[in-house]
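Student: The structure follows.
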Amino acid sequence: MTLTRDEPMRDRLDRDRLDRDGLARLIPHAGAMRLLDGVLSWDRSRIRCTASSHRDPGNPLRHAGRLAALCGVEYAAQAMAAHGGLTGAAEGRPPAAGYLASLRDLACHVGRLDDIAGDLVVEAENLTGEGNRVIYAFTIHADGAELLSGRAAVVIDAAPGGAPANGMGPP
């Protein structure tokens with residue numbers, strides 16, 4: 001996949017649908033921890049992904065055989081990371097690590113995700129950003145019902161070589 005800064009984002013939506021392998025280039029997660037199956041669509045401000053891993057008995061987020069609805073936050077965080085990777089590539093920036101700094105207005109409309117029969121649709125929208133701080137709104141739907149929603153503040157580590165952006169690393 002080659003993204004160019006000059007090509008309008010709307011013209012790339014259909015052909016930039018990504019599968020699990022495409023996501024591997026955008027997010028640091030590997031193996032079973034890569035929870036998303038693919039990107040359905042994206043533009044400069046939002047992304048829409050799909051996932052079926054919530055039904056997998058081997059999902060690494062399961063505890064006592066169940067996947068709590070709160071684990072949906074990790075699905076949303078991975079969608080945000082994919083969005084950052086896609087928009088960064090479109091603007092000619094290399095991938096940068098992001099860290100979930102806080103959650104607001106988190107609403108779980110179900111107790112569990114593992115008993116949801118349909119695929120999850122994970123949506124994230126970049127509400128605002130300045131420097132290395134971004135705020136996203138996110139929702140997770142399945143079978144026409146909203147399962148989880150909230151807002152997340154993300155701090156992007158834009159320093160070269162993976163050093164913390166604030167210059168403070170291990171001694």
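In the structure tokens, each chain is lettered A, B, ... as it comes, each chain's residues begin at 1, and ligands are numbered from 1 in order of appearance.
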Extract, using only C-alpha atoms, all DNA, RNA and protein residues at most 10 Å from region 71-76 of chain A, discarding same-chain residues fewer than 4 positions from it, and format them as a PyMOL selection string.

Tutor: chain A and resi 33-36+48-51+53-54+61-62+67+80-82+100+103+106+108+112-113+120-124+136-140+147-152

Student: Can you work out which one of A:His83, A:Asp115, A:Asp105, A:Val110 has the shortest atom-to-atom distance to Ser45 (chain A), counting only C-alpha atoms?

Tutor: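 Smallest separation from Ser45 (chain A) among the options: A:His83.
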
Student: Could you give me, as a ChimeraX atom specification, each residue of chain A that DSSP assigns to alpha helix (DSSP H) when run on this structure's backbone?

Tutor: /A:20-24,72-90

Student: I need the residues from that last selection saved to file as a compact mmCIF listing (two decimals), in the first residue's frame (with all heavy atoms), if you can.

Tutor:
```txt
# COMPACT_ATOMS: atom_id res chain seq x y z
N ARG A 20 -5.91 -8.23 8.32
CA ARG A 20 -5.04 -8.40 9.50
C ARG A 20 -3.56 -8.17 9.17
O ARG A 20 -2.84 -7.57 9.95
CB ARG A 20 -5.20 -9.83 10.06
CG ARG A 20 -6.13 -9.91 11.23
CD ARG A 20 -6.23 -11.34 11.73
NE ARG A 20 -5.22 -11.72 12.69
CZ ARG A 20 -5.17 -11.31 13.94
NH1 ARG A 20 -6.06 -10.49 14.39
NH2 ARG A 20 -4.23 -11.74 14.75
N ASP A 21 -3.14 -8.65 8.01
CA ASP A 21 -1.74 -8.48 7.62
C ASP A 21 -1.42 -7.00 7.38
O ASP A 21 -0.34 -6.55 7.73
CB ASP A 21 -1.41 -9.31 6.39
CG ASP A 21 -1.46 -10.81 6.67
OD1 ASP A 21 -1.27 -11.20 7.84
OD2 ASP A 21 -1.72 -11.58 5.73
N GLY A 22 -2.35 -6.26 6.79
CA GLY A 22 -2.15 -4.84 6.58
C GLY A 22 -2.07 -4.08 7.89
O GLY A 22 -1.28 -3.15 8.05
N LEU A 23 -2.86 -4.53 8.86
CA LEU A 23 -2.82 -3.91 10.19
C LEU A 23 -1.48 -4.12 10.87
O LEU A 23 -1.04 -3.28 11.67
CB LEU A 23 -3.93 -4.48 11.08
CG LEU A 23 -5.32 -3.93 10.84
CD1 LEU A 23 -6.35 -4.76 11.59
CD2 LEU A 23 -5.41 -2.48 11.24
N ALA A 24 -0.82 -5.21 10.55
CA ALA A 24 0.46 -5.52 11.18
C ALA A 24 1.49 -4.42 10.92
O ALA A 24 2.41 -4.23 11.71
CB ALA A 24 0.99 -6.86 10.68
N GLY A 72 -13.22 -3.96 25.49
CA GLY A 72 -13.48 -3.24 24.25
C GLY A 72 -12.64 -1.99 24.11
O GLY A 72 -12.38 -1.53 22.99
N VAL A 73 -12.18 -1.45 25.22
CA VAL A 73 -11.30 -0.28 25.17
C VAL A 73 -10.02 -0.63 24.40
O VAL A 73 -9.52 0.20 23.63
CB VAL A 73 -10.97 0.23 26.59
CG1 VAL A 73 -9.89 1.30 26.57
CG2 VAL A 73 -12.24 0.76 27.26
N GLU A 74 -9.49 -1.83 24.56
CA GLU A 74 -8.30 -2.23 23.82
C GLU A 74 -8.60 -2.34 22.32
O GLU A 74 -7.77 -1.97 21.49
CB GLU A 74 -7.73 -3.55 24.34
CG GLU A 74 -6.51 -4.05 23.58
CD GLU A 74 -5.31 -3.11 23.60
OE1 GLU A 74 -5.18 -2.30 24.53
OE2 GLU A 74 -4.49 -3.19 22.65
N TYR A 75 -9.78 -2.82 21.97
CA TYR A 75 -10.17 -2.85 20.56
C TYR A 75 -10.20 -1.43 20.00
O TYR A 75 -9.69 -1.17 18.90
CB TYR A 75 -11.56 -3.49 20.40
CG TYR A 75 -11.56 -4.99 20.54
CD1 TYR A 75 -11.54 -5.60 21.79
CD2 TYR A 75 -11.61 -5.81 19.42
CE1 TYR A 75 -11.56 -6.98 21.92
CE2 TYR A 75 -11.63 -7.20 19.54
CZ TYR A 75 -11.60 -7.78 20.79
OH TYR A 75 -11.61 -9.14 20.91
N ALA A 76 -10.78 -0.50 20.75
CA ALA A 76 -10.84 0.89 20.31
C ALA A 76 -9.44 1.49 20.21
O ALA A 76 -9.13 2.22 19.26
CB ALA A 76 -11.70 1.70 21.27
N ALA A 77 -8.57 1.19 21.18
CA ALA A 77 -7.21 1.71 21.16
C ALA A 77 -6.45 1.22 19.93
O ALA A 77 -5.69 1.98 19.32
CB ALA A 77 -6.47 1.33 22.44
N GLN A 78 -6.67 -0.03 19.55
CA GLN A 78 -6.01 -0.54 18.35
C GLN A 78 -6.55 0.14 17.09
O GLN A 78 -5.80 0.40 16.15
CB GLN A 78 -6.14 -2.06 18.27
CG GLN A 78 -5.29 -2.75 19.31
CD GLN A 78 -5.21 -4.24 19.16
OE1 GLN A 78 -5.42 -4.80 18.08
NE2 GLN A 78 -4.87 -4.93 20.26
N ALA A 79 -7.84 0.47 17.07
CA ALA A 79 -8.40 1.22 15.94
C ALA A 79 -7.78 2.62 15.88
O ALA A 79 -7.45 3.11 14.80
CB ALA A 79 -9.92 1.31 16.06
N MET A 80 -7.59 3.26 17.04
CA MET A 80 -6.96 4.58 17.08
C MET A 80 -5.52 4.49 16.56
O MET A 80 -5.06 5.36 15.82
CB MET A 80 -6.98 5.13 18.50
CG MET A 80 -8.35 5.45 19.03
SD MET A 80 -8.26 5.92 20.78
CE MET A 80 -9.67 5.04 21.43
N ALA A 81 -4.81 3.44 16.96
CA ALA A 81 -3.43 3.26 16.51
C ALA A 81 -3.39 3.06 14.99
O ALA A 81 -2.53 3.63 14.31
CB ALA A 81 -2.79 2.07 17.22
N ALA A 82 -4.31 2.27 14.47
CA ALA A 82 -4.37 2.07 13.02
C ALA A 82 -4.66 3.39 12.32
O ALA A 82 -4.06 3.70 11.28
CB ALA A 82 -5.43 1.02 12.68
N HIS A 83 -5.57 4.19 12.88
CA HIS A 83 -5.89 5.49 12.29
C HIS A 83 -4.67 6.39 12.28
O HIS A 83 -4.35 7.03 11.27
CB HIS A 83 -7.06 6.15 13.05
CG HIS A 83 -7.49 7.41 12.42
ND1 HIS A 83 -7.16 8.65 12.94
CD2 HIS A 83 -8.22 7.64 11.30
CE1 HIS A 83 -7.67 9.59 12.17
NE2 HIS A 83 -8.33 9.00 11.17
N GLY A 84 -3.96 6.43 13.39
CA GLY A 84 -2.74 7.23 13.45
C GLY A 84 -1.72 6.78 12.44
O GLY A 84 -1.05 7.60 11.79
N GLY A 85 -1.58 5.48 12.26
CA GLY A 85 -0.64 4.95 11.28
C GLY A 85 -1.03 5.31 9.86
O GLY A 85 -0.19 5.70 9.04
N LEU A 86 -2.31 5.19 9.55
CA LEU A 86 -2.78 5.51 8.20
C LEU A 86 -2.67 7.00 7.89
O LEU A 86 -2.18 7.38 6.82
CB LEU A 86 -4.23 5.06 8.03
CG LEU A 86 -4.44 3.55 7.89
CD1 LEU A 86 -5.90 3.17 8.11
CD2 LEU A 86 -3.95 3.06 6.53
N THR A 87 -3.11 7.83 8.81
CA THR A 87 -3.04 9.28 8.54
C THR A 87 -1.60 9.76 8.55
O THR A 87 -1.23 10.62 7.75
CB THR A 87 -3.88 10.09 9.55
OG1 THR A 87 -3.47 9.79 10.88
CG2 THR A 87 -5.37 9.79 9.39
N GLY A 88 -0.77 9.19 9.41
CA GLY A 88 0.64 9.54 9.41
C GLY A 88 1.30 9.18 8.09
O GLY A 88 2.05 9.98 7.52
N ALA A 89 1.03 7.97 7.59
CA ALA A 89 1.60 7.55 6.31
C ALA A 89 1.13 8.46 5.18
O ALA A 89 1.90 8.80 4.29
CB ALA A 89 1.23 6.10 6.02
N ALA A 90 -0.13 8.87 5.23
CA ALA A 90 -0.67 9.76 4.20
C ALA A 90 0.02 11.12 4.22
O ALA A 90 0.09 11.81 3.20
CB ALA A 90 -2.18 9.93 4.38
```
